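J.: Can you read through this structure? Questions will come right after.
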Amino acid sequence: MKCAKLIYQEGDHTWHVIARDPSKPDFLIDTNEYLISYKQQSLLTDPGGLEIFPSVFAALCSATNPENIVALFASHQDPDIISSLSMWLEFNEKLPCYLSWLWAGFIPHFGGDKNTFVPIPDEGMTINLNGLGLQAVPAHYLHSSGNFNLYDPTAKILFSGDIGAALLEPDMNDIFVRDFDRVVRCAEGFHRRWMGSNEAKLAWCERVSKLKIDMMCPQHGAIFQGADVERFINWFAELKVGVLRGSPN
Amino acid sequence: MGATNDLLLIVRINESIKSVVRLARKINILALNAILLSRRAGSVALGYTVISNELRLFSRELTLVMNKLTAVSNDAVQVVSYQCRYNHINELMNATSLGIELPVIQHQLLASDAKLGQMSKELQERYGHLKSVLVDADDNSRFGTVISRSLKIEATYCGAFAPHLTQIASEFGEYIDGIPPLLNEAKLYMQKKL
């Protein structure tokens, strides 16, 4: 079963990560879901795939009352991000889902109707969580062509989606990055193949380097803290991406 | 929609249980305070010390019951979530098969319905288990009410320490009185399923 772990708290403002299910089948890519809570309301980032809905939901129940979840945020359109949408809407049919306008016609294939989606324009927007302003930060082409990170300026936490993702080795269970060099070795192949534009990458690096970030939370792998955030941004800026290699055929 | 109602129901049961567990943790801390303070009070609080020890034993027992309740409740949440997901798939299969008479599809539907039936049965067993643990928790908390009354009485004999010890006794009384309504709330939700 997945576990919910508190990674930030300041009064009734919290971030939880839902991660690390030892019973997950190997053929399913591991994912991290993040629950941002502020004054008894919560937003869930990249809620996960249909297959893991039971595990995510059960873990979430230990961290909060799921009835307090007032919104979903989908960084992009992949099935591991949002294919559980129909299950969430069965639980609460009024849940809005924030996502790039580009995918507003595609994500309904996972569920929802015309009232479900809040399209985010390319330049981003502020998402209000009971008075807390979360910022949808553009991250297009990294890897999806309509893609957003989510920044909490109060907590100084950036949910970075697939940026920073690493396919960790089996013994690397820590939710935080402890060995930067080893983690980026696990991240390198993913970033070279999946991130499609060096230009977009450099634009993102410049954009986020202006933000105050204490924690960078990716959707796969481990969380970067403190100095490792800047180290990652610098590493990513130097990395040549859009490289086709490692194809199984 | 049946499975979704199950999900909402188990969430509400789980929330009641979480509230009880939070109270149990406060009782644990209070029990420690009571013992420390009564020892400091010395001979004037001998009776209070004895009951504080009972309180400490009670809080340990309560913790064990709460741990069990939490585990059973978490398990039930997971089982309901799995059923909810499978029910969703089953509904889609049923919708797909409308008007299609192919034996292979009818066979698949029968198998799917059977699996759903099996999951419902397992869920009923979980609810039965949860109910029994709730009853244990309820019985356990009633003993706490007895300790609470004794503590309040003994506090009045503790001389200069009486105000502090009475405060602890009152707080304990508040927390312990808070438990039965929450357990009843969980039991009421469960009655809809049993």
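Labeling convention for the structure tokens: chains A, B, ... as they appear, residues from 1 per chain, ligands from 1 in order of appearance.
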Using only C-alpha atoms, which protein or nucleic acid residues come within 12 Å of Thr154 in chain A? Drop anything in the same chain fewer than 3 positions from it, and give the result as a PDB file with C-alpha atoms, in the first residue's frame.

T.:
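New file around_12.pdb:
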```pdb
ATOM      1  CA  TYR A   8       5.784  20.438   5.066  1.00  0.00           C
ATOM      2  CA  GLN A   9       3.707  21.983   7.817  1.00  0.00           C
ATOM      3  CA  GLU A  10       3.150  25.514   8.963  1.00  0.00           C
ATOM      4  CA  HIS A  13      -0.868  24.616   5.725  1.00  0.00           C
ATOM      5  CA  THR A  14       0.571  21.227   4.835  1.00  0.00           C
ATOM      6  CA  TRP A  15       2.022  19.217   1.990  1.00  0.00           C
ATOM      7  CA  ILE A  36      -1.663  20.433  -0.602  1.00  0.00           C
ATOM      8  CA  TYR A  38      -4.741  24.907   3.561  1.00  0.00           C
ATOM      9  CA  GLY A 131      -7.029  31.879   0.188  1.00  0.00           C
ATOM     10  CA  LEU A 132      -3.694  30.254  -0.652  1.00  0.00           C
ATOM     11  CA  GLY A 133      -2.505  31.307  -4.103  1.00  0.00           C
ATOM     12  CA  LEU A 134      -0.870  28.423  -5.975  1.00  0.00           C
ATOM     13  CA  GLN A 135       0.773  29.276  -9.266  1.00  0.00           C
ATOM     14  CA  TYR A 151       4.334  26.457  -7.220  1.00  0.00           C
ATOM     15  CA  ILE A 157       7.644  24.164  -2.844  1.00  0.00           C
ATOM     16  CA  LEU A 158       7.536  23.465  -6.565  1.00  0.00           C
ATOM     17  CA  LEU A 211      11.563  31.378  -7.730  1.00  0.00           C
ATOM     18  CA  LYS A 212      12.411  30.705  -4.089  1.00  0.00           C
ATOM     19  CA  ILE A 213      12.287  26.928  -3.908  1.00  0.00           C
ATOM     20  CA  ASP A 214      13.088  24.909  -0.781  1.00  0.00           C
ATOM     21  CA  MET A 215      11.729  21.659  -2.198  1.00  0.00           C
TER      22      MET A 215
END
```

J.: Mind checking which residues fall within 10 Å of Ala104 in chain A, counting only C-alpha atoms, ignoring those fewer than 5 positions away in the same chain, and posting them as an NGL selection string?

T.: :A and (77 or 97-99 or 109 or 114 or 116-120)

J.: CA of Asp136 in chain B to CA of Glu122 in chain B: how many Å, to one decimal?

T.: 21.4 Å

J.: From the list B:Leu182, B:Val44, B:Val77, B:Leu23, which residue is nearest chain A when using only C-alpha atoms?

T.: B:Val77

J.: For Thr145 in chain B, please output as a ChimeraX atom specification all residues within 9 Å (counting only C-alpha atoms; exclusion window: fewer than 3 positions along the same chain).

T.: /B:141-142,148-150,173,176-177

J.: DSSP on the backbone: which residues in range 60-167 of chain A end up as alpha helix (DSSP H)? Give the answer as a list in words.

T.: Leu60, Cys61, Ser62, Ala63, Pro79, Asp80, Ile81, Ile82, Leu85, Ser86, Met87, Trp88, Leu89, Glu90 and Phe91 of chain A

J.: Export, as a short mmCIF file (atom, residue, chain, number, x, y, z; two decimals), in the first residue's frame, the selected residues with all heavy atoms.

T.:
```cif
data_model
loop_
_atom_site.label_atom_id
_atom_site.label_comp_id
_atom_site.auth_asym_id
_atom_site.auth_seq_id
_atom_site.Cartn_x
_atom_site.Cartn_y
_atom_site.Cartn_z
N LEU A 60 -4.37 8.37 1.25
CA LEU A 60 -4.84 9.73 1.44
C LEU A 60 -5.74 9.85 2.66
O LEU A 60 -5.72 10.87 3.37
CB LEU A 60 -5.68 10.11 0.22
CG LEU A 60 -5.60 11.51 -0.22
CD1 LEU A 60 -5.43 11.53 -1.73
CD2 LEU A 60 -6.91 12.20 0.12
N CYS A 61 -6.52 8.81 2.92
CA CYS A 61 -7.47 8.83 4.05
C CYS A 61 -6.74 8.97 5.37
O CYS A 61 -7.31 9.44 6.34
CB CYS A 61 -8.33 7.57 4.07
SG CYS A 61 -9.65 7.62 2.86
N SER A 62 -5.47 8.53 5.41
CA SER A 62 -4.73 8.66 6.67
C SER A 62 -4.25 10.10 6.87
O SER A 62 -3.97 10.52 7.98
CB SER A 62 -3.54 7.70 6.68
OG SER A 62 -2.60 8.08 5.72
N ALA A 63 -4.15 10.86 5.76
CA ALA A 63 -3.61 12.23 5.85
C ALA A 63 -4.71 13.27 5.98
O ALA A 63 -4.49 14.33 6.55
CB ALA A 63 -2.76 12.53 4.62
N PRO A 79 -1.61 8.93 -18.83
CA PRO A 79 -2.49 8.08 -18.03
C PRO A 79 -2.04 7.91 -16.59
O PRO A 79 -2.88 7.79 -15.69
CB PRO A 79 -2.47 6.72 -18.75
CG PRO A 79 -1.67 6.88 -19.95
CD PRO A 79 -1.10 8.25 -20.03
N ASP A 80 -0.72 7.93 -16.35
CA ASP A 80 -0.27 7.78 -14.95
C ASP A 80 -0.58 9.03 -14.13
O ASP A 80 -0.49 9.02 -12.91
CB ASP A 80 1.23 7.46 -14.89
CG ASP A 80 2.09 8.56 -15.49
OD1 ASP A 80 1.75 9.06 -16.59
OD2 ASP A 80 3.11 8.93 -14.87
N ILE A 81 -0.93 10.12 -14.83
CA ILE A 81 -1.27 11.39 -14.16
C ILE A 81 -2.75 11.39 -13.75
O ILE A 81 -3.09 11.79 -12.64
CB ILE A 81 -1.07 12.57 -15.13
CG1 ILE A 81 0.35 12.61 -15.69
CG2 ILE A 81 -1.47 13.88 -14.50
CD1 ILE A 81 1.38 13.12 -14.74
N ILE A 82 -3.61 10.99 -14.68
CA ILE A 82 -5.02 11.40 -14.54
C ILE A 82 -6.03 10.34 -15.00
O ILE A 82 -7.23 10.62 -15.06
CB ILE A 82 -5.21 12.75 -15.29
CG1 ILE A 82 -6.51 13.46 -14.92
CG2 ILE A 82 -5.07 12.62 -16.77
CD1 ILE A 82 -6.62 13.92 -13.52
N LEU A 85 -9.37 9.75 -13.10
CA LEU A 85 -10.29 10.90 -12.98
C LEU A 85 -11.73 10.45 -12.74
O LEU A 85 -12.42 10.99 -11.88
CB LEU A 85 -10.21 11.76 -14.25
CG LEU A 85 -11.15 12.97 -14.28
CD1 LEU A 85 -10.83 13.95 -13.15
CD2 LEU A 85 -11.04 13.69 -15.63
N SER A 86 -12.18 9.45 -13.49
CA SER A 86 -13.58 9.02 -13.36
C SER A 86 -13.87 8.51 -11.95
O SER A 86 -14.98 8.69 -11.43
CB SER A 86 -13.93 7.95 -14.39
OG SER A 86 -13.08 6.85 -14.23
N MET A 87 -12.89 7.88 -11.30
CA MET A 87 -13.08 7.39 -9.93
C MET A 87 -13.23 8.56 -8.96
O MET A 87 -14.07 8.54 -8.06
CB MET A 87 -11.89 6.53 -9.49
CG MET A 87 -11.66 5.29 -10.33
SD MET A 87 -13.07 4.19 -10.39
CE MET A 87 -13.37 3.93 -8.68
N TRP A 88 -12.38 9.59 -9.15
CA TRP A 88 -12.47 10.77 -8.28
C TRP A 88 -13.81 11.48 -8.46
O TRP A 88 -14.41 11.96 -7.50
CB TRP A 88 -11.30 11.73 -8.56
CG TRP A 88 -10.03 11.18 -7.99
CD1 TRP A 88 -9.01 10.56 -8.66
CD2 TRP A 88 -9.67 11.14 -6.62
NE1 TRP A 88 -8.05 10.15 -7.79
CE2 TRP A 88 -8.42 10.49 -6.51
CE3 TRP A 88 -10.28 11.59 -5.45
CZ2 TRP A 88 -7.77 10.29 -5.32
CZ3 TRP A 88 -9.63 11.39 -4.23
CH2 TRP A 88 -8.40 10.75 -4.18
N LEU A 89 -14.28 11.49 -9.71
CA LEU A 89 -15.56 12.16 -9.96
C LEU A 89 -16.73 11.33 -9.46
O LEU A 89 -17.78 11.87 -9.12
CB LEU A 89 -15.70 12.46 -11.45
CG LEU A 89 -14.70 13.50 -11.95
CD1 LEU A 89 -14.80 13.66 -13.47
CD2 LEU A 89 -14.93 14.86 -11.29
N GLU A 90 -16.55 10.03 -9.38
CA GLU A 90 -17.60 9.19 -8.75
C GLU A 90 -17.68 9.51 -7.26
O GLU A 90 -18.76 9.52 -6.68
CB GLU A 90 -17.31 7.71 -8.95
CG GLU A 90 -17.74 7.19 -10.30
CD GLU A 90 -18.07 5.70 -10.28
OE1 GLU A 90 -18.43 5.16 -9.23
OE2 GLU A 90 -17.97 5.10 -11.35
N PHE A 91 -16.54 9.75 -6.66
CA PHE A 91 -16.53 10.08 -5.23
C PHE A 91 -17.10 11.46 -4.99
O PHE A 91 -17.85 11.70 -4.05
CB PHE A 91 -15.10 9.98 -4.69
CG PHE A 91 -14.99 10.33 -3.23
CD1 PHE A 91 -15.52 9.49 -2.27
CD2 PHE A 91 -14.36 11.49 -2.83
CE1 PHE A 91 -15.44 9.81 -0.92
CE2 PHE A 91 -14.28 11.82 -1.48
CZ PHE A 91 -14.81 10.97 -0.53
#
```

J.: Distance limit 6 Å, atoms considered: only C-alpha atoms. Which chain B residues sit that close to chain A? Return them as a list in words.

T.: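 For chain B, the answer reads Thr4, Val77, Gln78, Ser81 and Tyr82 of chain B.
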
J.: When DSSP works through the backbone of this structure, what residues of range 30-244 of chain A end up as strand (DSSP E), shown as a PyMOL selection string?

T.: chain A and resi 33-38+41-45+69-73+97-100+117-120+125-129+132-138+148-152+157-161+215-218+224-225

J.: Give me the residues within 9 Å of Phe190 in chain A as a list in words, counting only C-alpha atoms and dropping any in the same chain fewer than 5 places off.

T.: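 My list of contacting residues is Ala165, Ala166, Leu167 and Met195 of chain A.
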
J.: Write a file of the selected residues as a PDB file, in the first residue's frame, keeping C-alpha atoms.

T.:
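Saved to again-v3.pdb:
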```
ATOM      1  CA  ALA A 165      11.740  12.453 -12.397  1.00  0.00           C
ATOM      2  CA  ALA A 166      14.057   9.528 -11.805  1.00  0.00           C
ATOM      3  CA  LEU A 167      13.540   5.812 -12.258  1.00  0.00           C
ATOM      4  CA  MET A 195      12.304  16.217 -22.714  1.00  0.00           C
TER       5      MET A 195
END
```

J.: Neighbouring residues of Leu64 in chain B were defined as those with any atom within 12 Å, considering only C-alpha atoms; residues of the same chain fewer than 6 positions away were excluded. Please report them as a PyMOL selection string.

T.: chain B and resi 21+24-25+28+57-58+70-71+133+136-137+140

J.: Just N, CA, C and O atoms for this one: save the residues we selected as an mmCIF file, in the first residue's frame.

T.:
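Listed below is the output, part12.cif:
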```cif
data_model
loop_
_atom_site.group_PDB
_atom_site.id
_atom_site.type_symbol
_atom_site.label_atom_id
_atom_site.label_comp_id
_atom_site.auth_asym_id
_atom_site.auth_seq_id
_atom_site.Cartn_x
_atom_site.Cartn_y
_atom_site.Cartn_z
ATOM 1 N N VAL B 21 -8.973 8.253 17.822
ATOM 2 C CA VAL B 21 -7.534 7.997 17.994
ATOM 3 C C VAL B 21 -6.826 9.260 18.485
ATOM 4 O O VAL B 21 -5.952 9.195 19.351
ATOM 5 N N ALA B 24 -7.504 9.558 22.076
ATOM 6 C CA ALA B 24 -6.742 8.537 22.812
ATOM 7 C C ALA B 24 -5.298 8.990 23.025
ATOM 8 O O ALA B 24 -4.705 8.764 24.079
ATOM 9 N N ARG B 25 -4.744 9.670 22.022
ATOM 10 C CA ARG B 25 -3.344 10.163 22.156
ATOM 11 C C ARG B 25 -3.280 11.224 23.249
ATOM 12 O O ARG B 25 -2.328 11.257 24.035
ATOM 13 N N ASN B 28 -3.330 9.622 26.613
ATOM 14 C CA ASN B 28 -2.012 9.041 26.897
ATOM 15 C C ASN B 28 -1.087 10.065 27.560
ATOM 16 O O ASN B 28 -0.438 9.794 28.568
ATOM 17 N N LEU B 57 -2.548 2.521 32.813
ATOM 18 C CA LEU B 57 -2.814 1.181 32.267
ATOM 19 C C LEU B 57 -3.965 1.236 31.268
ATOM 20 O O LEU B 57 -3.917 0.620 30.198
ATOM 21 N N PHE B 58 -4.986 2.016 31.640
ATOM 22 C CA PHE B 58 -6.147 2.170 30.762
ATOM 23 C C PHE B 58 -5.718 2.777 29.420
ATOM 24 O O PHE B 58 -6.133 2.325 28.364
ATOM 25 N N THR B 70 -7.602 1.306 13.953
ATOM 26 C CA THR B 70 -7.005 2.030 12.822
ATOM 27 C C THR B 70 -6.640 1.059 11.701
ATOM 28 O O THR B 70 -6.935 1.305 10.532
ATOM 29 N N ALA B 71 -6.021 -0.058 12.078
ATOM 30 C CA ALA B 71 -5.592 -1.044 11.075
ATOM 31 C C ALA B 71 -6.807 -1.622 10.341
ATOM 32 O O ALA B 71 -6.811 -1.733 9.113
ATOM 33 N N VAL B 133 -14.645 -4.632 16.543
ATOM 34 C CA VAL B 133 -13.570 -3.835 17.156
ATOM 35 C C VAL B 133 -14.138 -2.527 17.733
ATOM 36 O O VAL B 133 -13.680 -2.046 18.775
ATOM 37 N N ASP B 136 -15.483 -3.353 21.079
ATOM 38 C CA ASP B 136 -14.371 -3.455 22.043
ATOM 39 C C ASP B 136 -13.945 -2.074 22.504
ATOM 40 O O ASP B 136 -13.708 -1.838 23.703
ATOM 41 N N ALA B 137 -13.830 -1.164 21.555
ATOM 42 C CA ALA B 137 -13.382 0.197 21.865
ATOM 43 C C ALA B 137 -14.399 0.881 22.785
ATOM 44 O O ALA B 137 -14.036 1.600 23.718
ATOM 45 N N ASN B 140 -14.131 -0.535 26.290
ATOM 46 C CA ASN B 140 -12.892 -0.019 26.863
ATOM 47 C C ASN B 140 -13.068 1.411 27.353
ATOM 48 O O ASN B 140 -12.630 1.781 28.452
#
```

J.: Using only C-alpha atoms, can you tell me which of B:Ser43, B:Asn33, B:Asn14, B:Thr63 comes closest to His164 in chain B?

T.: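 So, comparing all the options, the nearest one is B:Asn33.
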
J.: For a test of reading the model, state the distance in Å between CA of Val208 in chain A and CA of Ile163 in chain A, rounded to one decimal.

T.: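 Those two atoms sit 11.6 Å apart.
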
J.: Could you list, as a PyMOL selection string, every residue within 9 Å of range 232-242 of chain A, counting only C-alpha atoms and ignoring same-chain residues fewer than 3 positions away?

T.: chain A and resi 163-164+180+184+188+191-198+201-202+204-206+208-209+224+227-229

J.: Please provide as a ChimeraX atom specification all residues within 7 Å of range 143-150 of chain A, with the sequence filter that same-chain residues fewer than 2 positions apart are discarded (counting only C-alpha atoms).

T.: /A:75-76,100,102,134-141,152,158-161,194-196

J.: Include all heavy atoms and write out the residues we just selected as a short mmCIF file (atom, residue, chain, number, x, y, z; two decimals), in the first residue's frame.

T.:
```cif
data_model
loop_
_atom_site.label_atom_id
_atom_site.label_comp_id
_atom_site.auth_asym_id
_atom_site.auth_seq_id
_atom_site.Cartn_x
_atom_site.Cartn_y
_atom_site.Cartn_z
N SER A 75 -0.85 17.97 -14.30
CA SER A 75 0.26 18.69 -14.95
C SER A 75 0.20 18.50 -16.47
O SER A 75 0.54 19.43 -17.21
CB SER A 75 1.61 18.22 -14.40
OG SER A 75 1.80 16.83 -14.64
N HIS A 76 -0.22 17.32 -16.90
CA HIS A 76 -0.41 17.07 -18.32
C HIS A 76 -1.33 15.87 -18.51
O HIS A 76 -2.06 15.53 -17.58
CB HIS A 76 0.94 16.91 -19.05
CG HIS A 76 1.82 15.80 -18.54
ND1 HIS A 76 2.44 15.83 -17.31
CD2 HIS A 76 2.20 14.63 -19.10
CE1 HIS A 76 3.16 14.75 -17.14
NE2 HIS A 76 3.03 13.99 -18.21
N SER A 100 -3.90 22.02 -18.61
CA SER A 100 -3.62 22.85 -19.79
C SER A 100 -4.80 22.84 -20.75
O SER A 100 -5.40 21.79 -21.01
CB SER A 100 -2.37 22.32 -20.50
OG SER A 100 -2.27 22.89 -21.79
N LEU A 102 -4.79 22.82 -23.69
CA LEU A 102 -4.48 21.96 -24.84
C LEU A 102 -5.15 20.58 -24.72
O LEU A 102 -5.49 19.96 -25.73
CB LEU A 102 -2.96 21.78 -24.90
CG LEU A 102 -2.35 21.42 -26.25
CD1 LEU A 102 -2.46 22.58 -27.21
CD2 LEU A 102 -0.87 21.06 -26.07
N LEU A 134 -1.84 29.35 -5.35
CA LEU A 134 -0.87 28.42 -5.98
C LEU A 134 -0.70 28.87 -7.42
O LEU A 134 -1.67 29.26 -8.07
CB LEU A 134 -1.40 26.99 -5.93
CG LEU A 134 -1.66 26.43 -4.53
CD1 LEU A 134 -2.44 25.12 -4.61
CD2 LEU A 134 -0.35 26.20 -3.79
N GLN A 135 0.52 28.78 -7.92
CA GLN A 135 0.77 29.28 -9.27
C GLN A 135 1.04 28.14 -10.23
O GLN A 135 1.95 27.32 -9.99
CB GLN A 135 1.96 30.23 -9.26
CG GLN A 135 1.65 31.52 -8.53
CD GLN A 135 2.90 32.33 -8.20
OE1 GLN A 135 3.96 32.10 -8.78
NE2 GLN A 135 2.78 33.25 -7.28
N ALA A 136 0.26 28.10 -11.30
CA ALA A 136 0.54 27.14 -12.38
C ALA A 136 1.64 27.76 -13.22
O ALA A 136 1.44 28.82 -13.83
CB ALA A 136 -0.71 26.88 -13.19
N VAL A 137 2.81 27.13 -13.24
CA VAL A 137 4.00 27.67 -13.91
C VAL A 137 4.21 26.93 -15.23
O VAL A 137 4.27 25.69 -15.23
CB VAL A 137 5.25 27.49 -13.00
CG1 VAL A 137 6.51 27.95 -13.70
CG2 VAL A 137 5.04 28.20 -11.67
N PRO A 138 4.30 27.64 -16.33
CA PRO A 138 4.47 26.95 -17.62
C PRO A 138 5.72 26.08 -17.66
O PRO A 138 6.78 26.48 -17.18
CB PRO A 138 4.59 28.10 -18.63
CG PRO A 138 4.01 29.29 -17.94
CD PRO A 138 4.25 29.10 -16.48
N ALA A 139 5.56 24.89 -18.24
CA ALA A 139 6.69 23.96 -18.42
C ALA A 139 6.45 23.18 -19.72
O ALA A 139 6.64 21.98 -19.78
CB ALA A 139 6.80 23.01 -17.23
N HIS A 140 6.01 23.93 -20.75
CA HIS A 140 5.59 23.27 -22.00
C HIS A 140 6.76 22.58 -22.67
O HIS A 140 7.89 23.06 -22.63
CB HIS A 140 4.95 24.31 -22.93
CG HIS A 140 3.85 25.08 -22.25
ND1 HIS A 140 2.80 24.46 -21.62
CD2 HIS A 140 3.68 26.43 -22.06
CE1 HIS A 140 2.00 25.38 -21.11
NE2 HIS A 140 2.51 26.57 -21.35
N TYR A 141 6.44 21.43 -23.28
CA TYR A 141 7.41 20.58 -24.00
C TYR A 141 8.37 19.86 -23.05
O TYR A 141 9.35 19.26 -23.50
CB TYR A 141 8.21 21.37 -25.05
CG TYR A 141 7.31 22.02 -26.09
CD1 TYR A 141 7.05 23.38 -26.05
CD2 TYR A 141 6.68 21.24 -27.06
CE1 TYR A 141 6.19 23.97 -26.97
CE2 TYR A 141 5.81 21.82 -27.98
CZ TYR A 141 5.57 23.19 -27.92
OH TYR A 141 4.70 23.77 -28.83
N ASP A 152 3.98 26.70 -4.85
CA ASP A 152 3.40 27.23 -3.62
C ASP A 152 4.39 28.25 -3.06
O ASP A 152 5.39 27.85 -2.43
CB ASP A 152 3.17 26.07 -2.64
CG ASP A 152 2.54 26.49 -1.34
OD1 ASP A 152 2.48 27.70 -1.06
OD2 ASP A 152 2.14 25.61 -0.57
N LEU A 158 7.91 23.57 -5.16
CA LEU A 158 7.54 23.47 -6.57
C LEU A 158 7.21 22.01 -6.89
O LEU A 158 8.05 21.13 -6.70
CB LEU A 158 8.68 23.93 -7.47
CG LEU A 158 8.42 23.80 -8.98
CD1 LEU A 158 7.43 24.88 -9.43
CD2 LEU A 158 9.72 23.91 -9.78
N PHE A 159 5.96 21.78 -7.33
CA PHE A 159 5.64 20.47 -7.87
C PHE A 159 6.04 20.52 -9.34
O PHE A 159 5.48 21.28 -10.12
CB PHE A 159 4.14 20.16 -7.71
CG PHE A 159 3.68 18.98 -8.54
CD1 PHE A 159 4.25 17.72 -8.34
CD2 PHE A 159 2.73 19.13 -9.52
CE1 PHE A 159 3.86 16.64 -9.12
CE2 PHE A 159 2.33 18.05 -10.31
CZ PHE A 159 2.90 16.81 -10.11
N SER A 160 7.02 19.71 -9.71
CA SER A 160 7.65 19.87 -11.02
C SER A 160 7.23 18.83 -12.05
O SER A 160 7.80 18.77 -13.14
CB SER A 160 9.18 19.84 -10.85
OG SER A 160 9.57 18.61 -10.25
N GLY A 161 6.25 17.99 -11.70
CA GLY A 161 5.77 17.01 -12.69
C GLY A 161 6.87 16.06 -13.10
O GLY A 161 7.58 15.50 -12.27
N TRP A 194 12.89 11.99 -22.94
CA TRP A 194 11.53 12.50 -22.82
C TRP A 194 11.41 14.01 -23.02
O TRP A 194 10.40 14.50 -23.51
CB TRP A 194 10.95 12.13 -21.46
CG TRP A 194 10.52 10.71 -21.39
CD1 TRP A 194 11.33 9.63 -21.16
CD2 TRP A 194 9.22 10.20 -21.56
NE1 TRP A 194 10.60 8.47 -21.18
CE2 TRP A 194 9.30 8.78 -21.41
CE3 TRP A 194 7.97 10.76 -21.81
CZ2 TRP A 194 8.19 7.96 -21.52
CZ3 TRP A 194 6.85 9.94 -21.91
CH2 TRP A 194 6.98 8.55 -21.78
N MET A 195 12.39 14.76 -22.61
CA MET A 195 12.30 16.22 -22.71
C MET A 195 12.65 16.58 -24.15
O MET A 195 13.76 16.32 -24.61
CB MET A 195 13.25 16.89 -21.70
CG MET A 195 12.96 16.48 -20.27
SD MET A 195 11.28 16.89 -19.77
CE MET A 195 11.04 15.85 -18.34
N GLY A 196 11.65 17.18 -24.82
CA GLY A 196 11.78 17.29 -26.26
C GLY A 196 12.47 18.53 -26.80
O GLY A 196 12.79 18.59 -27.98
#
```

J.: Any idea what the distance is between CA of Tyr157 in chain B and CA of Ala45 in chain B?

T.: 7.2 Å

J.: Using only C-alpha atoms, which of A:Val17, A:Leu28, A:Ala155, A:Leu129 sits nearest Val70 in chain A?

T.: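 Result for the nearest residue to Val70 in chain A: A:Leu129.
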